[in-house]
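Chemist: Input file: my_file_15.pdb. Contents: PDB, C-alpha atoms, pLDDT in the B column.
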ATOM      1  CA  GLN N 187     -15.662 -80.398  69.741  1.00 40.00           C
ATOM      2  CA  LYS N 188     -15.330 -76.694  70.624  1.00 38.00           C
ATOM      3  CA  ARG N 189     -12.555 -75.063  72.574  1.00 39.00           C
ATOM      4  CA  ASN N 190     -13.229 -72.282  75.089  1.00 42.00           C
ATOM      5  CA  ASP N 191     -12.392 -69.648  72.481  1.00 40.00           C
ATOM      6  CA  GLY N 192     -15.111 -70.976  70.173  1.00 42.00           C
ATOM      7  CA  ASN N 193     -12.790 -72.489  67.562  1.00 42.00           C
ATOM      8  CA  ASP N 194     -12.975 -76.071  66.374  1.00 44.00           C
ATOM      9  CA  ASN N 195     -10.447 -78.326  68.030  1.00 41.00           C
ATOM     10  CA  ASN N 196      -8.912 -79.214  64.691  1.00 43.00           C
ATOM     11  CA  ASP N 197      -5.310 -78.488  63.746  1.00 44.00           C
ATOM     12  CA  ARG N 198      -6.165 -77.680  60.161  1.00 40.00           C
ATOM     13  CA  GLY N 199      -8.934 -75.330  61.196  1.00 41.00           C
ATOM     14  CA  ASN N 200      -6.871 -73.650  63.892  1.00 43.00           C
ATOM     15  CA  ASN N 201      -3.989 -72.921  61.507  1.00 47.00           C
ATOM     16  CA  TYR N 202      -6.089 -71.864  58.527  1.00 42.00           C
ATOM     17  CA  HIS N 203      -6.047 -68.121  59.211  1.00 50.00           C
ATOM     18  CA  GLU N 204      -2.369 -68.189  60.171  1.00 63.00           C
ATOM     19  CA  ALA N 205      -1.225 -69.901  56.957  1.00 68.00           C
ATOM     20  CA  PRO N 206       0.517 -67.642  54.427  1.00 77.00           C
ATOM     21  CA  GLY N 207      -1.088 -67.009  51.067  1.00 87.00           C
ATOM     22  CA  ARG N 208       0.312 -68.884  48.077  1.00 93.00           C
ATOM     23  CA  ILE N 209       0.962 -67.954  44.480  1.00 95.00           C
ATOM     24  CA  ILE N 210       1.653 -70.655  41.891  1.00 96.00           C
ATOM     25  CA  ASN N 211       3.138 -69.586  38.558  1.00 96.00           C
ATOM     26  CA  VAL N 212       2.964 -72.196  35.817  1.00 96.00           C
ATOM     27  CA  THR N 213       6.170 -72.274  33.804  1.00 96.00           C
ATOM     28  CA  SER N 214       7.928 -74.876  31.662  1.00 94.00           C
ATOM     29  CA  SER N 215      11.217 -76.711  31.396  1.00 94.00           C
ATOM     30  CA  THR N 216      11.597 -74.981  28.021  1.00 93.00           C
ATOM     31  CA  HIS N 217      12.799 -71.912  29.919  1.00 96.00           C
ATOM     32  CA  VAL N 218      16.271 -73.436  29.505  1.00 96.00           C
ATOM     33  CA  LEU N 219      16.059 -72.580  25.779  1.00 95.00           C
ATOM     34  CA  ALA N 220      16.519 -68.927  26.775  1.00 96.00           C
ATOM     35  CA  THR N 221      20.256 -69.542  26.852  1.00 94.00           C
ATOM     36  CA  ARG N 222      21.171 -65.840  27.037  1.00 94.00           C
ATOM     37  CA  GLY N 223      18.680 -65.009  29.754  1.00 96.00           C
ATOM     38  CA  PHE N 224      15.712 -62.701  29.443  1.00 97.00           C
ATOM     39  CA  ASP N 225      15.934 -60.314  26.478  1.00 96.00           C
ATOM     40  CA  PHE N 226      15.335 -56.839  27.862  1.00 96.00           C
ATOM     41  CA  GLU N 227      16.458 -55.128  24.661  1.00 94.00           C
ATOM     42  CA  ASP N 228      13.703 -56.616  22.513  1.00 93.00           C
ATOM     43  CA  PRO N 229      11.277 -58.606  24.692  1.00 94.00           C
ATOM     44  CA  MET N 230       8.420 -58.380  22.172  1.00 92.00           C
ATOM     45  CA  CYS N 231      10.557 -58.938  19.061  1.00 93.00           C
ATOM     46  CA  ASN N 232       9.400 -55.594  17.684  1.00 90.00           C
ATOM     47  CA  ASN N 233      12.638 -53.583  17.827  1.00 88.00           C
ATOM     48  CA  GLY N 234      14.401 -55.488  15.073  1.00 87.00           C
ATOM     49  CA  LYS N 235      17.069 -56.849  17.416  1.00 88.00           C
ATOM     50  CA  ARG N 236      15.667 -60.364  17.721  1.00 90.00           C
ATOM     51  CA  LYS N 237      13.712 -62.436  15.240  1.00 92.00           C
ATOM     52  CA  TYR N 238      10.495 -63.987  16.477  1.00 91.00           C
ATOM     53  CA  THR N 239      10.449 -67.762  16.723  1.00 89.00           C
ATOM     54  CA  LEU N 240       7.770 -69.873  18.341  1.00 84.00           C
ATOM     55  CA  PHE N 241       9.917 -71.657  20.906  1.00 88.00           C
ATOM     56  CA  GLY N 242      12.316 -68.743  21.282  1.00 93.00           C
ATOM     57  CA  GLN N 243       9.541 -66.475  22.493  1.00 94.00           C
ATOM     58  CA  TYR N 244       7.847 -69.239  24.460  1.00 92.00           C
ATOM     59  CA  SER N 245      11.054 -69.878  26.406  1.00 96.00           C
ATOM     60  CA  GLN N 246      11.322 -66.154  27.178  1.00 97.00           C
ATOM     61  CA  THR N 247       7.845 -66.086  28.699  1.00 96.00           C
ATOM     62  CA  LYS N 248       8.540 -69.164  30.813  1.00 97.00           C
ATOM     63  CA  LEU N 249      11.796 -67.704  32.080  1.00 97.00           C
ATOM     64  CA  ALA N 250       9.844 -64.550  32.920  1.00 97.00           C
ATOM     65  CA  ASN N 251       7.490 -66.640  35.088  1.00 97.00           C
ATOM     66  CA  LEU N 252      10.461 -67.907  37.087  1.00 98.00           C
ATOM     67  CA  LEU N 253      12.005 -64.447  37.471  1.00 98.00           C
ATOM     68  CA  PHE N 254       8.648 -63.031  38.566  1.00 97.00           C
ATOM     69  CA  THR N 255       8.292 -65.722  41.232  1.00 96.00           C
ATOM     70  CA  GLN N 256      11.710 -64.920  42.686  1.00 96.00           C
ATOM     71  CA  GLU N 257      10.943 -61.208  42.836  1.00 96.00           C
ATOM     72  CA  LEU N 258       7.635 -61.946  44.566  1.00 94.00           C
ATOM     73  CA  ILE N 259       9.629 -63.716  47.286  1.00 93.00           C
ATOM     74  CA  THR N 260      12.017 -60.778  47.592  1.00 93.00           C
ATOM     75  CA  ARG N 261       9.184 -58.276  47.954  1.00 93.00           C
ATOM     76  CA  TYR N 262       6.505 -60.212  49.789  1.00 92.00           C
ATOM     77  CA  GLY N 263       8.172 -63.301  51.238  1.00 88.00           C
ATOM     78  CA  ASN N 264       8.721 -64.184  54.865  1.00 68.00           C
ATOM     79  CA  ASN N 265      11.720 -61.916  55.437  1.00 53.00           C
ATOM     80  CA  ASN N 266      10.319 -58.770  53.836  1.00 48.00           C
ATOM     81  CA  ASN N 267       9.701 -55.776  56.082  1.00 45.00           C
ATOM     82  CA  ASN N 268       6.613 -54.819  54.070  1.00 49.00           C
ATOM     83  CA  ASN N 269       4.767 -57.710  55.709  1.00 45.00           C
ATOM     84  CA  ASN N 270       4.305 -56.045  59.092  1.00 48.00           C
ATOM     85  CA  ASN N 271       0.601 -56.889  59.025  1.00 47.00           C
ATOM     86  CA  GLN N 272       1.217 -60.573  58.385  1.00 45.00           C
ATOM     87  CA  LYS N 273       2.677 -63.254  60.595  1.00 50.00           C
ATOM     88  CA  GLN N 274       4.154 -64.852  57.508  1.00 65.00           C
ATOM     89  CA  GLY N 275       4.785 -63.621  53.998  1.00 83.00           C
ATOM     90  CA  LEU N 276       3.673 -65.203  50.767  1.00 89.00           C
ATOM     91  CA  LEU N 277       4.704 -68.648  49.652  1.00 92.00           C
ATOM     92  CA  CYS N 278       5.405 -68.629  45.908  1.00 94.00           C
ATOM     93  CA  PHE N 279       6.331 -71.482  43.599  1.00 96.00           C
ATOM     94  CA  SER N 280       7.004 -72.003  39.913  1.00 96.00           C
ATOM     95  CA  VAL N 281       5.590 -75.238  38.504  1.00 96.00           C
ATOM     96  CA  HIS N 282       6.497 -77.246  35.410  1.00 94.00           C
ATOM     97  CA  PRO N 283       3.413 -79.428  34.818  1.00 91.00           C
ATOM     98  CA  GLY N 284       5.200 -81.745  32.386  1.00 84.00           C
ATOM     99  CA  ILE N 285       4.340 -82.640  28.809  1.00 79.00           C
ATOM    100  CA  VAL N 286       0.554 -82.620  28.947  1.00 78.00           C
ATOM    101  CA  ARG N 287      -1.750 -83.839  26.187  1.00 74.00           C
ATOM    102  CA  THR N 288      -3.884 -80.785  25.402  1.00 74.00           C
ATOM    103  CA  ASP N 289      -5.068 -78.946  22.309  1.00 70.00           C
ATOM    104  CA  VAL N 290      -2.113 -76.578  22.496  1.00 68.00           C
ATOM    105  CA  VAL N 291      -1.247 -77.100  18.810  1.00 68.00           C
ATOM    106  CA  ARG N 292      -4.565 -75.757  17.494  1.00 72.00           C
ATOM    107  CA  ASN N 293      -3.081 -72.348  16.670  1.00 74.00           C
ATOM    108  CA  MET N 294       0.339 -73.579  15.600  1.00 73.00           C
ATOM    109  CA  PRO N 295       1.580 -73.605  11.992  1.00 78.00           C
ATOM    110  CA  TRP N 296       0.599 -76.607   9.859  1.00 74.00           C
ATOM    111  CA  TYR N 297       4.139 -77.998   9.894  1.00 74.00           C
ATOM    112  CA  LEU N 298       3.813 -78.469  13.647  1.00 73.00           C
ATOM    113  CA  LYS N 299       0.120 -79.311  13.787  1.00 74.00           C
ATOM    114  CA  TYR N 300       0.085 -82.123  11.217  1.00 75.00           C
ATOM    115  CA  PRO N 301       3.042 -84.068  12.634  1.00 74.00           C
ATOM    116  CA  ASP N 302       1.353 -83.840  16.012  1.00 69.00           C
ATOM    117  CA  MET N 303      -1.795 -85.338  14.497  1.00 72.00           C
ATOM    118  CA  ILE N 304       0.135 -88.099  12.715  1.00 73.00           C
ATOM    119  CA  PHE N 305       2.383 -89.106  15.591  1.00 69.00           C
ATOM    120  CA  GLY N 306      -0.031 -88.118  18.348  1.00 69.00           C
ATOM    121  CA  SER N 307      -0.802 -91.684  19.415  1.00 71.00           C
ATOM    122  CA  VAL N 308       2.907 -92.434  19.865  1.00 73.00           C
ATOM    123  CA  VAL N 309       3.695 -89.138  21.587  1.00 68.00           C
ATOM    124  CA  ALA N 310       0.704 -89.648  23.881  1.00 71.00           C
ATOM    125  CA  LEU N 311       2.570 -92.529  25.516  1.00 72.00           C
ATOM    126  CA  LEU N 312       5.072 -89.977  26.830  1.00 76.00           C
ATOM    127  CA  GLN N 313       2.528 -87.365  27.813  1.00 76.00           C
ATOM    128  CA  LYS N 314       0.440 -86.778  30.895  1.00 83.00           C
ATOM    129  CA  SER N 315      -3.294 -86.428  30.934  1.00 85.00           C
ATOM    130  CA  PRO N 316      -4.611 -82.975  31.922  1.00 81.00           C
ATOM    131  CA  SER N 317      -5.469 -84.365  35.360  1.00 87.00           C
ATOM    132  CA  GLN N 318      -1.974 -85.763  35.813  1.00 87.00           C
ATOM    133  CA  GLY N 319      -0.520 -82.492  34.578  1.00 85.00           C
ATOM    134  CA  ALA N 320      -2.358 -80.684  37.375  1.00 91.00           C
ATOM    135  CA  TYR N 321      -0.789 -82.786  40.160  1.00 91.00           C
ATOM    136  CA  THR N 322       2.246 -80.591  40.803  1.00 94.00           C
ATOM    137  CA  THR N 323       0.208 -77.381  40.690  1.00 94.00           C
ATOM    138  CA  VAL N 324      -2.225 -78.758  43.271  1.00 94.00           C
ATOM    139  CA  TYR N 325       0.712 -80.013  45.327  1.00 94.00           C
ATOM    140  CA  GLY N 326       2.202 -76.525  45.380  1.00 93.00           C
ATOM    141  CA  CYS N 327      -1.146 -75.129  46.501  1.00 93.00           C
ATOM    142  CA  ALA N 328      -1.849 -77.598  49.280  1.00 91.00           C
ATOM    143  CA  ALA N 329       1.295 -79.328  50.568  1.00 90.00           C
ATOM    144  CA  ASN N 330       2.793 -78.516  53.954  1.00 88.00           C
ATOM    145  CA  ILE N 331       6.010 -76.606  53.314  1.00 85.00           C
ATOM    146  CA  PRO N 332       8.827 -77.351  54.087  1.00 86.00           C
ATOM    147  CA  ASN N 333       8.738 -81.108  53.604  1.00 88.00           C
ATOM    148  CA  ALA N 334      10.946 -83.869  52.266  1.00 84.00           C
ATOM    149  CA  ASN N 335      10.340 -82.819  48.659  1.00 87.00           C
ATOM    150  CA  VAL N 336      10.273 -79.034  48.960  1.00 89.00           C
ATOM    151  CA  GLN N 337      12.497 -77.046  51.304  1.00 90.00           C
ATOM    152  CA  ASN N 338      12.584 -73.506  49.935  1.00 92.00           C
ATOM    153  CA  ASN N 339      10.085 -70.748  49.343  1.00 92.00           C
ATOM    154  CA  GLY N 340      10.256 -69.793  45.666  1.00 92.00           C
ATOM    155  CA  ALA N 341      11.133 -73.335  44.599  1.00 95.00           C
ATOM    156  CA  TYR N 342      10.818 -74.593  41.023  1.00 96.00           C
ATOM    157  CA  LEU N 343       8.636 -77.716  41.232  1.00 96.00           C
ATOM    158  CA  VAL N 344       8.751 -80.639  38.800  1.00 95.00           C
ATOM    159  CA  ASN N 345       6.797 -83.829  39.520  1.00 94.00           C
ATOM    160  CA  CYS N 346       6.078 -82.555  43.043  1.00 93.00           C
ATOM    161  CA  HIS N 347       9.786 -82.135  43.813  1.00 94.00           C
ATOM    162  CA  GLU N 348      11.982 -79.081  44.157  1.00 95.00           C
ATOM    163  CA  THR N 349      14.280 -78.910  41.125  1.00 95.00           C
ATOM    164  CA  LYS N 350      17.056 -76.568  40.083  1.00 95.00           C
ATOM    165  CA  ALA N 351      16.083 -74.154  37.300  1.00 96.00           C
ATOM    166  CA  SER N 352      18.519 -72.567  34.849  1.00 96.00           C
ATOM    167  CA  GLN N 353      21.087 -70.110  36.170  1.00 96.00           C
ATOM    168  CA  HIS N 354      19.267 -67.248  34.447  1.00 97.00           C
ATOM    169  CA  ALA N 355      16.175 -67.907  36.578  1.00 96.00           C
ATOM    170  CA  ALA N 356      18.148 -66.991  39.705  1.00 93.00           C
ATOM    171  CA  ASN N 357      19.559 -63.699  38.408  1.00 96.00           C
ATOM    172  CA  GLN N 358      18.373 -61.254  41.082  1.00 96.00           C
ATOM    173  CA  GLU N 359      19.191 -58.222  38.975  1.00 97.00           C
ATOM    174  CA  ASP N 360      17.007 -59.543  36.145  1.00 97.00           C
ATOM    175  CA  CYS N 361      14.212 -60.356  38.615  1.00 97.00           C
ATOM    176  CA  LYS N 362      14.095 -56.749  39.792  1.00 97.00           C
ATOM    177  CA  LYS N 363      14.492 -55.359  36.278  1.00 97.00           C
ATOM    178  CA  LEU N 364      11.634 -57.456  34.890  1.00 97.00           C
ATOM    179  CA  TRP N 365       9.368 -56.434  37.781  1.00 96.00           C
ATOM    180  CA  GLU N 366      10.039 -52.755  37.131  1.00 95.00           C
ATOM    181  CA  LEU N 367       9.530 -53.240  33.381  1.00 95.00           C
ATOM    182  CA  SER N 368       6.203 -54.966  34.100  1.00 95.00           C
ATOM    183  CA  GLU N 369       5.143 -51.995  36.224  1.00 94.00           C
ATOM    184  CA  GLN N 370       5.913 -49.703  33.290  1.00 93.00           C
ATOM    185  CA  TRP N 371       3.893 -51.854  30.905  1.00 92.00           C
ATOM    186  CA  ALA N 372       0.992 -51.931  33.363  1.00 92.00           C
ATOM    187  CA  ASP N 373       1.327 -48.182  34.071  1.00 87.00           C
ATOM    188  CA  TYR N 374       1.524 -49.027  37.773  1.00 77.00           C
ATOM    189  CA  ASP N 375       2.802 -46.553  40.370  1.00 73.00           C
ATOM    190  CA  ASP N 376       3.733 -48.405  43.562  1.00 65.00           C
ATOM    191  CA  LYS N 377       4.143 -45.187  45.567  1.00 61.00           C
ATOM    192  CA  SER N 378       0.683 -43.903  44.723  1.00 56.00           C
ATOM    193  CA  GLN N 379      -0.837 -47.291  45.638  1.00 57.00           C
ATOM    194  CA  LYS N 380       0.812 -47.210  49.064  1.00 56.00           C
ATOM    195  CA  LYS N 381      -0.599 -43.744  49.778  1.00 51.00           C
ATOM    196  CA  THR N 382      -4.130 -44.990  49.236  1.00 47.00           C
TER
END
Show me this structure written as structure tokens.

Modeler:
Amino acid sequence: QKRNDGNDNNDRGNNYHEAPGRIINVTSSTHVLATRGFDFEDPMCNNGKRKYTLFGQYSQTKLANLLFTQELITRYGNNNNNNNNQKQGLLCFSVHPGIVRTDVVRNMPWYLKYPDMIFGSVVALLQKSPSQGAYTTVYGCAANIPNANVQNNGAYLVNCHETKASQHAANQEDCKKLWELSEQWADYDDKSQKKT
């Protein structure tokens, strides 16, 4: 059925072009292992101020995902003045997919790989399949927001529910600082981009 303006008389179709874009950043509950927050002094463990450890660095990267998501909201979310050309700003979420049974250990040291092989059948009982692990990511992409499970733009989603992340993930100063550091690493000049 067509309306007079030529559009399908379908709510989903009518709202499609008005819906804000979405960005989903996959993070992990292991971000809580970054107990001192993001390490700006030695983020790559190459300045001699912090020793590299597998889970220590992993937790840093997952905290970075959360900080990045919050800064995206600050810069491009619904209340940002830079969105004059959009009816709504971006919707951005951080997602913890859960403990998913994948081949993630293939490049790990033997002392982590072999126990995983030995106890894999037992651990598998606690793990999600890859398809199950994708549920929350797909939910963040497709669900109507806000709803009973998710109220806030920038939410940290676990098992399709908004969940509180660590206090370091909400540090607005660190969010801005990490964004600016990322621009330096990427050799990105925001002012020159706006001119073009």

Chemist: For the file shown, report as JSON, numbers by chain the outcome of the PyMOL selection byres ((chain N and resi 315-328) around 7) at residue level.

Modeler: {"N": [208, 210, 279, 281, 283, 284, 286, 287, 288, 313, 314, 329, 330, 344, 345, 346]}

Chemist: Considering all atoms listed in the file, return as a list of chain:residue names whatever protein or nucleic-acid residues lie within 7 Å of range 336-340 of chain N, sequence-local ones (same chain, fewer than 5 positions apart) excluded.

Modeler: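 These residues fall inside the cut-off: N:Thr255, N:Gln256, N:Ile259, N:Leu277, N:Cys278, N:Phe279, N:Ser280, N:Ile331, N:His347, N:Glu348.
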
Chemist: Counting all atoms listed in the file, find residues at most 10 Å from (7.0, -67.4, 29.9) (file frame) and give them as a PDB file with C-alpha atoms, in the frame of the given file.

Modeler:
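result10.pdb was written with the following content:
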ATOM      1  CA  ASN N 211       3.138 -69.586  38.558  1.00 96.00           C
ATOM      2  CA  VAL N 212       2.964 -72.196  35.817  1.00 96.00           C
ATOM      3  CA  THR N 213       6.170 -72.274  33.804  1.00 96.00           C
ATOM      4  CA  SER N 214       7.928 -74.876  31.662  1.00 94.00           C
ATOM      5  CA  THR N 216      11.597 -74.981  28.021  1.00 93.00           C
ATOM      6  CA  HIS N 217      12.799 -71.912  29.919  1.00 96.00           C
ATOM      7  CA  PHE N 224      15.712 -62.701  29.443  1.00 97.00           C
ATOM      8  CA  GLN N 243       9.541 -66.475  22.493  1.00 94.00           C
ATOM      9  CA  TYR N 244       7.847 -69.239  24.460  1.00 92.00           C
ATOM     10  CA  SER N 245      11.054 -69.878  26.406  1.00 96.00           C
ATOM     11  CA  GLN N 246      11.322 -66.154  27.178  1.00 97.00           C
ATOM     12  CA  THR N 247       7.845 -66.086  28.699  1.00 96.00           C
ATOM     13  CA  LYS N 248       8.540 -69.164  30.813  1.00 97.00           C
ATOM     14  CA  LEU N 249      11.796 -67.704  32.080  1.00 97.00           C
ATOM     15  CA  ALA N 250       9.844 -64.550  32.920  1.00 97.00           C
ATOM     16  CA  ASN N 251       7.490 -66.640  35.088  1.00 97.00           C
ATOM     17  CA  LEU N 252      10.461 -67.907  37.087  1.00 98.00           C
ATOM     18  CA  LEU N 253      12.005 -64.447  37.471  1.00 98.00           C
ATOM     19  CA  PHE N 254       8.648 -63.031  38.566  1.00 97.00           C
TER      20      PHE N 254
END

Chemist: Which is closest to Thr221 in chain N among N:Ile209, N:Ser352, N:Tyr374, N:Met303, if we use all atoms listed in the file?

Modeler: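 Ranked by minimum distance to Thr221 in chain N, first place goes to N:Ser352.
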
Chemist: Run the PyMOL selection byres ((chain N and resi 358) around 12) against the file shown and list the residues it catches, as a ChimeraX atom specification.

Modeler: /N:223,252-261,353-357,359-365

Chemist: What separation in Å, quoted to one decimal, exists between CA of Ser307 in chain N and CA of Leu219 in chain N?

Modeler: 26.3 Å

Chemist: Between CA of Tyr297 in chain N and CA of Cys231 in chain N, what is the spacing in Å?

Modeler: 22.1 Å

Chemist: In Å, how far is it from CA of Pro229 in chain N to CA of Lys299 in chain N?

Modeler: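 That distance, rounded to one decimal, is 25.9 Å.
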
Chemist: Kindly indicate which residue among N:Gly242, N:Gly275, N:Glu369, N:Lys235 lies nearest to Val218 in chain N, using only C-alpha atoms for the distances.

Modeler: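 Using only C-alpha atoms, Val218 in chain N sits closest to N:Gly242.
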
Chemist: Keeping just C-alpha atoms, export range 332-344 of chain N of this structure as a PDB file, in the first residue's frame.

Modeler:
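Below you can see selection19.pdb, which holds the result:
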ATOM      1  CA  PRO N 332      15.259   3.093  24.732  1.00  0.00           C
ATOM      2  CA  ASN N 333      13.508  -0.035  25.958  1.00  0.00           C
ATOM      3  CA  ALA N 334      13.090  -2.008  29.155  1.00  0.00           C
ATOM      4  CA  ASN N 335      16.633  -3.383  28.954  1.00  0.00           C
ATOM      5  CA  VAL N 336      18.545  -0.390  27.610  1.00  0.00           C
ATOM      6  CA  GLN N 337      17.818   3.208  28.571  1.00  0.00           C
ATOM      7  CA  ASN N 338      20.964   5.176  27.773  1.00  0.00           C
ATOM      8  CA  ASN N 339      22.955   6.000  24.681  1.00  0.00           C
ATOM      9  CA  GLY N 340      26.523   4.808  25.244  1.00  0.00           C
ATOM     10  CA  ALA N 341      25.401   1.891  27.408  1.00  0.00           C
ATOM     11  CA  TYR N 342      27.609  -1.100  28.218  1.00  0.00           C
ATOM     12  CA  LEU N 343      25.594  -4.165  27.165  1.00  0.00           C
ATOM     13  CA  VAL N 344      25.924  -7.635  28.688  1.00  0.00           C
TER      14      VAL N 344
END
